[in-house]
>>> print(open('my_file_39.cif').read())   # mmCIF, N, CA and C atoms and all ligand atoms
data_start
#
loop_
_atom_site.label_atom_id
_atom_site.label_comp_id
_atom_site.auth_asym_id
_atom_site.auth_seq_id
_atom_site.Cartn_x
_atom_site.Cartn_y
_atom_site.Cartn_z
N MET A 27 -2.81 -10.51 8.18
CA MET A 27 -3.95 -9.71 8.63
C MET A 27 -4.20 -9.98 10.11
N TRP A 28 -4.32 -8.90 10.88
CA TRP A 28 -4.58 -9.04 12.32
C TRP A 28 -6.05 -9.33 12.55
N ILE A 29 -6.34 -10.28 13.39
CA ILE A 29 -7.71 -10.68 13.71
C ILE A 29 -7.91 -10.63 15.21
N LYS A 30 -9.05 -10.07 15.65
CA LYS A 30 -9.33 -10.05 17.09
C LYS A 30 -9.62 -11.47 17.56
N ALA A 31 -8.89 -11.91 18.56
CA ALA A 31 -9.04 -13.28 19.05
C ALA A 31 -9.78 -13.31 20.39
N LEU A 32 -9.53 -12.34 21.25
CA LEU A 32 -10.13 -12.32 22.59
C LEU A 32 -10.44 -10.89 23.00
N ASP A 33 -11.44 -10.73 23.86
CA ASP A 33 -11.79 -9.40 24.36
C ASP A 33 -10.86 -8.95 25.48
N GLN A 34 -10.14 -9.90 26.05
CA GLN A 34 -9.15 -9.56 27.09
C GLN A 34 -8.11 -10.67 27.17
N ALA A 35 -7.00 -10.36 27.77
CA ALA A 35 -5.93 -11.35 27.90
C ALA A 35 -6.36 -12.45 28.86
N PRO A 36 -5.87 -13.68 28.64
CA PRO A 36 -6.15 -14.73 29.61
C PRO A 36 -5.45 -14.41 30.94
N LYS A 37 -5.87 -15.07 31.99
CA LYS A 37 -5.22 -14.85 33.29
C LYS A 37 -3.78 -15.34 33.21
N GLU A 38 -2.94 -14.66 33.96
CA GLU A 38 -1.52 -15.04 34.01
C GLU A 38 -1.37 -16.54 34.29
N GLY A 39 -0.56 -17.19 33.48
CA GLY A 39 -0.26 -18.60 33.71
C GLY A 39 -1.30 -19.57 33.20
N THR A 40 -2.30 -19.06 32.44
CA THR A 40 -3.30 -19.96 31.88
C THR A 40 -3.23 -19.93 30.35
N MET A 41 -3.82 -20.95 29.73
CA MET A 41 -3.87 -21.02 28.27
C MET A 41 -5.33 -21.01 27.83
N ALA A 42 -5.66 -20.15 26.90
CA ALA A 42 -7.01 -20.09 26.34
C ALA A 42 -7.00 -20.75 24.96
N ALA A 43 -7.79 -21.82 24.82
CA ALA A 43 -7.88 -22.51 23.53
C ALA A 43 -8.99 -21.87 22.71
N LEU A 44 -8.72 -21.61 21.44
CA LEU A 44 -9.75 -21.06 20.58
C LEU A 44 -9.46 -21.42 19.13
N GLU A 45 -10.45 -21.12 18.29
CA GLU A 45 -10.30 -21.41 16.87
C GLU A 45 -10.44 -20.11 16.11
N VAL A 46 -9.47 -19.79 15.30
CA VAL A 46 -9.47 -18.55 14.51
C VAL A 46 -9.18 -18.92 13.06
N GLU A 47 -10.07 -18.48 12.18
CA GLU A 47 -9.88 -18.76 10.74
C GLU A 47 -9.71 -20.27 10.50
N GLY A 48 -10.44 -21.08 11.26
CA GLY A 48 -10.39 -22.52 11.08
C GLY A 48 -9.15 -23.19 11.64
N ARG A 49 -8.35 -22.41 12.37
CA ARG A 49 -7.11 -22.95 12.92
C ARG A 49 -7.20 -22.99 14.44
N LYS A 50 -6.89 -24.14 15.03
CA LYS A 50 -6.91 -24.27 16.49
C LYS A 50 -5.62 -23.69 17.05
N ILE A 51 -5.80 -22.72 17.94
CA ILE A 51 -4.64 -22.03 18.53
C ILE A 51 -4.84 -21.92 20.03
N PHE A 52 -3.83 -21.46 20.72
CA PHE A 52 -4.00 -21.06 22.11
C PHE A 52 -3.27 -19.75 22.34
N VAL A 53 -3.82 -19.00 23.29
CA VAL A 53 -3.22 -17.74 23.70
C VAL A 53 -2.89 -17.87 25.18
N THR A 54 -1.74 -17.41 25.55
CA THR A 54 -1.36 -17.48 26.96
C THR A 54 -0.66 -16.21 27.39
N LEU A 55 -0.78 -15.92 28.68
CA LEU A 55 -0.04 -14.82 29.30
C LEU A 55 0.90 -15.46 30.30
N ASN A 56 2.18 -15.39 30.01
CA ASN A 56 3.16 -16.05 30.85
C ASN A 56 4.22 -15.04 31.27
N ASN A 57 4.34 -14.83 32.57
CA ASN A 57 5.27 -13.82 33.10
C ASN A 57 5.05 -12.46 32.46
N GLY A 58 3.78 -12.11 32.27
CA GLY A 58 3.42 -10.80 31.76
C GLY A 58 3.54 -10.63 30.26
N GLN A 59 3.90 -11.70 29.58
CA GLN A 59 4.09 -11.63 28.13
C GLN A 59 3.03 -12.49 27.42
N LEU A 60 2.45 -11.95 26.37
CA LEU A 60 1.45 -12.69 25.60
C LEU A 60 2.12 -13.54 24.54
N TYR A 61 1.58 -14.74 24.34
CA TYR A 61 2.07 -15.64 23.29
C TYR A 61 0.87 -16.30 22.60
N CYS A 62 1.08 -16.67 21.36
CA CYS A 62 0.06 -17.40 20.62
C CYS A 62 0.76 -18.50 19.81
N ALA A 63 0.15 -19.68 19.82
CA ALA A 63 0.73 -20.80 19.07
C ALA A 63 -0.37 -21.74 18.64
N GLU A 64 -0.02 -22.60 17.70
CA GLU A 64 -0.97 -23.61 17.25
C GLU A 64 -1.23 -24.59 18.40
N ASN A 65 -2.51 -24.94 18.59
CA ASN A 65 -2.87 -25.83 19.70
C ASN A 65 -2.79 -27.29 19.23
N ARG A 66 -1.60 -27.66 18.78
CA ARG A 66 -1.40 -29.01 18.26
C ARG A 66 0.07 -29.37 18.47
N CYS A 67 0.29 -30.44 19.19
CA CYS A 67 1.68 -30.85 19.41
C CYS A 67 2.27 -31.35 18.09
N PRO A 68 3.44 -30.87 17.73
CA PRO A 68 4.06 -31.32 16.47
C PRO A 68 4.47 -32.79 16.51
N HIS A 69 4.48 -33.38 17.69
CA HIS A 69 4.91 -34.77 17.81
C HIS A 69 3.79 -35.72 17.37
N GLU A 70 2.67 -35.72 18.10
CA GLU A 70 1.57 -36.62 17.72
C GLU A 70 0.22 -35.93 17.72
N GLU A 71 0.24 -34.62 17.61
CA GLU A 71 -0.95 -33.82 17.30
C GLU A 71 -1.99 -33.69 18.40
N ILE A 72 -1.65 -34.04 19.65
CA ILE A 72 -2.59 -33.82 20.75
C ILE A 72 -2.64 -32.31 21.04
N GLU A 73 -3.74 -31.84 21.63
CA GLU A 73 -3.84 -30.42 21.96
C GLU A 73 -2.84 -30.05 23.06
N LEU A 74 -2.08 -29.01 22.82
CA LEU A 74 -1.08 -28.61 23.81
C LEU A 74 -1.71 -28.01 25.06
N THR A 75 -2.94 -27.52 24.95
CA THR A 75 -3.60 -26.95 26.13
C THR A 75 -3.96 -28.03 27.15
N LEU A 76 -3.80 -29.30 26.79
CA LEU A 76 -3.98 -30.38 27.77
C LEU A 76 -2.75 -30.50 28.67
N GLY A 77 -1.67 -29.84 28.26
CA GLY A 77 -0.44 -29.86 29.03
C GLY A 77 -0.40 -28.69 30.00
N CYS A 78 0.80 -28.24 30.30
CA CYS A 78 0.95 -27.15 31.27
C CYS A 78 2.10 -26.24 30.86
N LEU A 79 2.15 -25.10 31.52
CA LEU A 79 3.25 -24.16 31.29
C LEU A 79 4.35 -24.44 32.30
N LYS A 80 5.58 -24.36 31.84
CA LYS A 80 6.72 -24.53 32.75
C LYS A 80 7.83 -23.62 32.24
N GLY A 81 8.26 -22.71 33.10
CA GLY A 81 9.24 -21.72 32.64
C GLY A 81 8.63 -20.92 31.51
N ASN A 82 9.34 -20.86 30.40
CA ASN A 82 8.79 -20.13 29.24
C ASN A 82 8.37 -21.10 28.14
N SER A 83 7.92 -22.28 28.55
CA SER A 83 7.54 -23.31 27.57
C SER A 83 6.19 -23.90 27.91
N VAL A 84 5.60 -24.54 26.90
CA VAL A 84 4.42 -25.37 27.14
C VAL A 84 4.90 -26.81 27.08
N VAL A 85 4.44 -27.61 28.05
CA VAL A 85 4.85 -29.01 28.15
C VAL A 85 3.68 -29.87 27.69
N CYS A 86 3.93 -30.72 26.70
CA CYS A 86 2.88 -31.59 26.18
C CYS A 86 2.52 -32.66 27.21
N SER A 87 1.23 -32.95 27.32
CA SER A 87 0.75 -33.90 28.34
C SER A 87 1.05 -35.35 27.97
N LEU A 88 1.31 -35.61 26.70
CA LEU A 88 1.42 -37.02 26.29
C LEU A 88 2.82 -37.61 26.53
N HIS A 89 3.85 -36.95 26.04
CA HIS A 89 5.20 -37.49 26.22
C HIS A 89 6.13 -36.53 26.95
N GLY A 90 5.63 -35.36 27.29
CA GLY A 90 6.40 -34.44 28.12
C GLY A 90 7.42 -33.60 27.37
N PHE A 91 7.41 -33.61 26.06
CA PHE A 91 8.30 -32.71 25.33
C PHE A 91 7.79 -31.29 25.52
N SER A 92 8.72 -30.34 25.48
CA SER A 92 8.29 -28.96 25.69
C SER A 92 8.66 -28.10 24.48
N PHE A 93 7.93 -27.00 24.37
CA PHE A 93 8.08 -26.11 23.22
C PHE A 93 8.13 -24.68 23.74
N ASP A 94 9.16 -23.96 23.31
CA ASP A 94 9.36 -22.59 23.76
C ASP A 94 8.22 -21.69 23.27
N LEU A 95 7.62 -20.94 24.18
CA LEU A 95 6.47 -20.11 23.80
C LEU A 95 6.87 -19.00 22.82
N ALA A 96 8.07 -18.49 22.93
CA ALA A 96 8.50 -17.38 22.08
C ALA A 96 8.94 -17.85 20.70
N THR A 97 9.70 -18.92 20.67
CA THR A 97 10.30 -19.36 19.40
C THR A 97 9.63 -20.59 18.80
N GLY A 98 8.92 -21.35 19.64
CA GLY A 98 8.33 -22.61 19.20
C GLY A 98 9.31 -23.77 19.21
N ASN A 99 10.57 -23.49 19.57
CA ASN A 99 11.59 -24.52 19.52
C ASN A 99 11.24 -25.73 20.39
N SER A 100 11.46 -26.90 19.83
CA SER A 100 11.18 -28.17 20.51
C SER A 100 12.34 -28.55 21.42
N SER A 101 12.01 -29.20 22.54
CA SER A 101 13.05 -29.67 23.47
C SER A 101 13.64 -30.99 22.99
N GLU A 102 12.99 -31.61 22.03
CA GLU A 102 13.37 -32.97 21.63
C GLU A 102 13.95 -32.96 20.22
N GLU A 103 15.15 -33.47 20.07
CA GLU A 103 15.76 -33.55 18.75
C GLU A 103 14.90 -34.43 17.84
N GLY A 104 14.67 -33.98 16.65
CA GLY A 104 13.89 -34.77 15.69
C GLY A 104 12.40 -34.47 15.72
N VAL A 105 11.95 -33.70 16.71
CA VAL A 105 10.54 -33.31 16.77
C VAL A 105 10.42 -31.89 16.23
N ASP A 106 9.48 -31.69 15.32
CA ASP A 106 9.29 -30.36 14.73
C ASP A 106 9.02 -29.32 15.79
N ASN A 107 9.29 -28.07 15.45
CA ASN A 107 8.97 -26.96 16.35
C ASN A 107 7.48 -26.65 16.31
N MET A 108 7.01 -26.04 17.38
CA MET A 108 5.61 -25.59 17.46
C MET A 108 5.45 -24.34 16.60
N LEU A 109 4.31 -24.24 15.95
CA LEU A 109 4.03 -23.07 15.12
C LEU A 109 3.54 -21.92 16.01
N THR A 110 4.20 -20.78 15.92
CA THR A 110 3.79 -19.62 16.72
C THR A 110 3.27 -18.51 15.81
N PHE A 111 2.51 -17.61 16.40
CA PHE A 111 1.90 -16.51 15.63
C PHE A 111 2.13 -15.19 16.35
N PRO A 112 2.25 -14.10 15.59
CA PRO A 112 2.37 -12.77 16.20
C PRO A 112 1.10 -12.44 16.99
N ILE A 113 1.26 -11.77 18.11
CA ILE A 113 0.14 -11.41 18.97
C ILE A 113 0.37 -10.01 19.52
N LYS A 114 -0.71 -9.25 19.68
CA LYS A 114 -0.58 -7.92 20.28
C LYS A 114 -1.87 -7.58 21.03
N GLN A 115 -1.76 -6.63 21.94
CA GLN A 115 -2.90 -6.17 22.71
C GLN A 115 -3.14 -4.71 22.41
N LYS A 116 -4.40 -4.39 22.11
CA LYS A 116 -4.74 -3.00 21.83
C LYS A 116 -6.10 -2.72 22.45
N ASN A 117 -6.18 -1.67 23.28
CA ASN A 117 -7.42 -1.35 24.00
C ASN A 117 -7.95 -2.58 24.73
N ASN A 118 -7.06 -3.29 25.37
CA ASN A 118 -7.36 -4.51 26.15
C ASN A 118 -7.66 -5.74 25.28
N LYS A 119 -8.02 -5.54 24.03
CA LYS A 119 -8.37 -6.68 23.18
C LYS A 119 -7.11 -7.33 22.61
N ILE A 120 -7.23 -8.63 22.35
CA ILE A 120 -6.08 -9.41 21.90
C ILE A 120 -6.23 -9.70 20.41
N TYR A 121 -5.20 -9.36 19.66
CA TYR A 121 -5.20 -9.59 18.21
C TYR A 121 -4.06 -10.54 17.86
N ILE A 122 -4.35 -11.40 16.90
CA ILE A 122 -3.31 -12.30 16.43
C ILE A 122 -3.24 -12.23 14.90
N GLU A 123 -2.12 -12.63 14.40
CA GLU A 123 -1.92 -12.66 12.96
C GLU A 123 -1.70 -14.11 12.55
N VAL A 124 -2.71 -14.70 11.90
CA VAL A 124 -2.58 -16.12 11.52
C VAL A 124 -2.47 -16.24 10.01
S1 LIG A 201 2.35 -35.93 21.51
FE1 LIG A 201 3.23 -34.20 22.40
S2 LIG A 201 5.16 -34.86 23.07
FE2 LIG A 201 4.33 -36.60 22.12
#
>>> encode(input="my_file_39.cif", output="structure tokens")
Amino acid sequence: MWIKALDQAPKEGTMAALEVEGRKIFVTLNNGQLYCAENRCPHEEIELTLGCLKGNSVVCSLHGFSFDLATGNSSEEGVDNMLTFPIKQKNNKIYIEV
């Protein structure tokens, strides 16, 4: 089920942390593309929005592992992938499917 998450896209290169349906997520606009993922590092569960964007990945602030925004793939062998969610924009509003 698609749920409205934001009234507009975040600014390019920033991450918006929010809670939808009891789940902590973040939405980001990176190189003109929208992404949505769980705001929890699969390694030790710190919020990924404390980190930064680099290339097409989010880099965790604690140990520096990175996770691909599109696929959720982890840069570190043995570390789970980040959970990602479908996202779309309609009439400027941002919808996600969690
Ligand atoms: S807690 Fe995120 S890389 Fe270790």
>>> residues_near_point(input="my_file_39.cif", point="(-2.3, -28.7, 21.9)", cutoff="8 Å", atoms="all atoms listed in the file", output="PyMOL selection string")
chain A and resi 50-52+63-68+71-77+86-87
>>> closest_residue(input="my_file_39.cif", among="A:Lys116, A:His89, A:His69, A:Lys37", to="Asn57 (chain A)", atoms="only C-alpha atoms")
A:Lys37
>>> closest_residue(input="my_file_39.cif", among="A:Ile113, A:Ala31, A:Val85, A:Leu95", to="ligand LIG 201 (chain A)", atoms="all atoms listed in the file")
A:Val85
>>> axis_aligned_box(input="my_file_39.cif", around="ligand LIG 201 (chain A)", padding_each_side="6 Å", output="JSON")
{"center_x": 3.8, "center_y": -35.4, "center_z": 22.3, "size_x": 14.8, "size_y": 14.4, "size_z": 13.6}
>>> closest_residue(input="my_file_39.cif", among="A:Leu55, A:Ile29, A:Ala35, A:Ala43", to="Asn118 (chain A)", atoms="only C-alpha atoms")
A:Ala35
>>> closest_residue(input="my_file_39.cif", among="A:Asn117, A:Thr97, A:Asn107, A:Thr40", to="Leu79 (chain A)", atoms="all atoms listed in the file")
A:Thr40
>>> select_by_dssp(input="my_file_39.cif", residues="region 56-99 of chain A", states="strand (DSSP E or B)", output="list in words")
Asn56, Gln59, Leu60, Tyr61, Cys62, Ala63, Glu64, Cys78, Leu79, Lys80, Ser83, Val84, Val85, Ser92, Phe93 and Asp94 of chain A
>>> atom_distance(input="my_file_39.cif", atom1="CA of Ser92 (chain A)", atom2="CA of Val46 (chain A)")
23.4 Å
>>> closest_residue(input="my_file_39.cif", among="A:Ser100, A:Ser83, A:Gln59, A:Gln34", to="ligand LIG 201 (chain A)", atoms="only C-alpha atoms and all ligand atoms")
A:Ser100
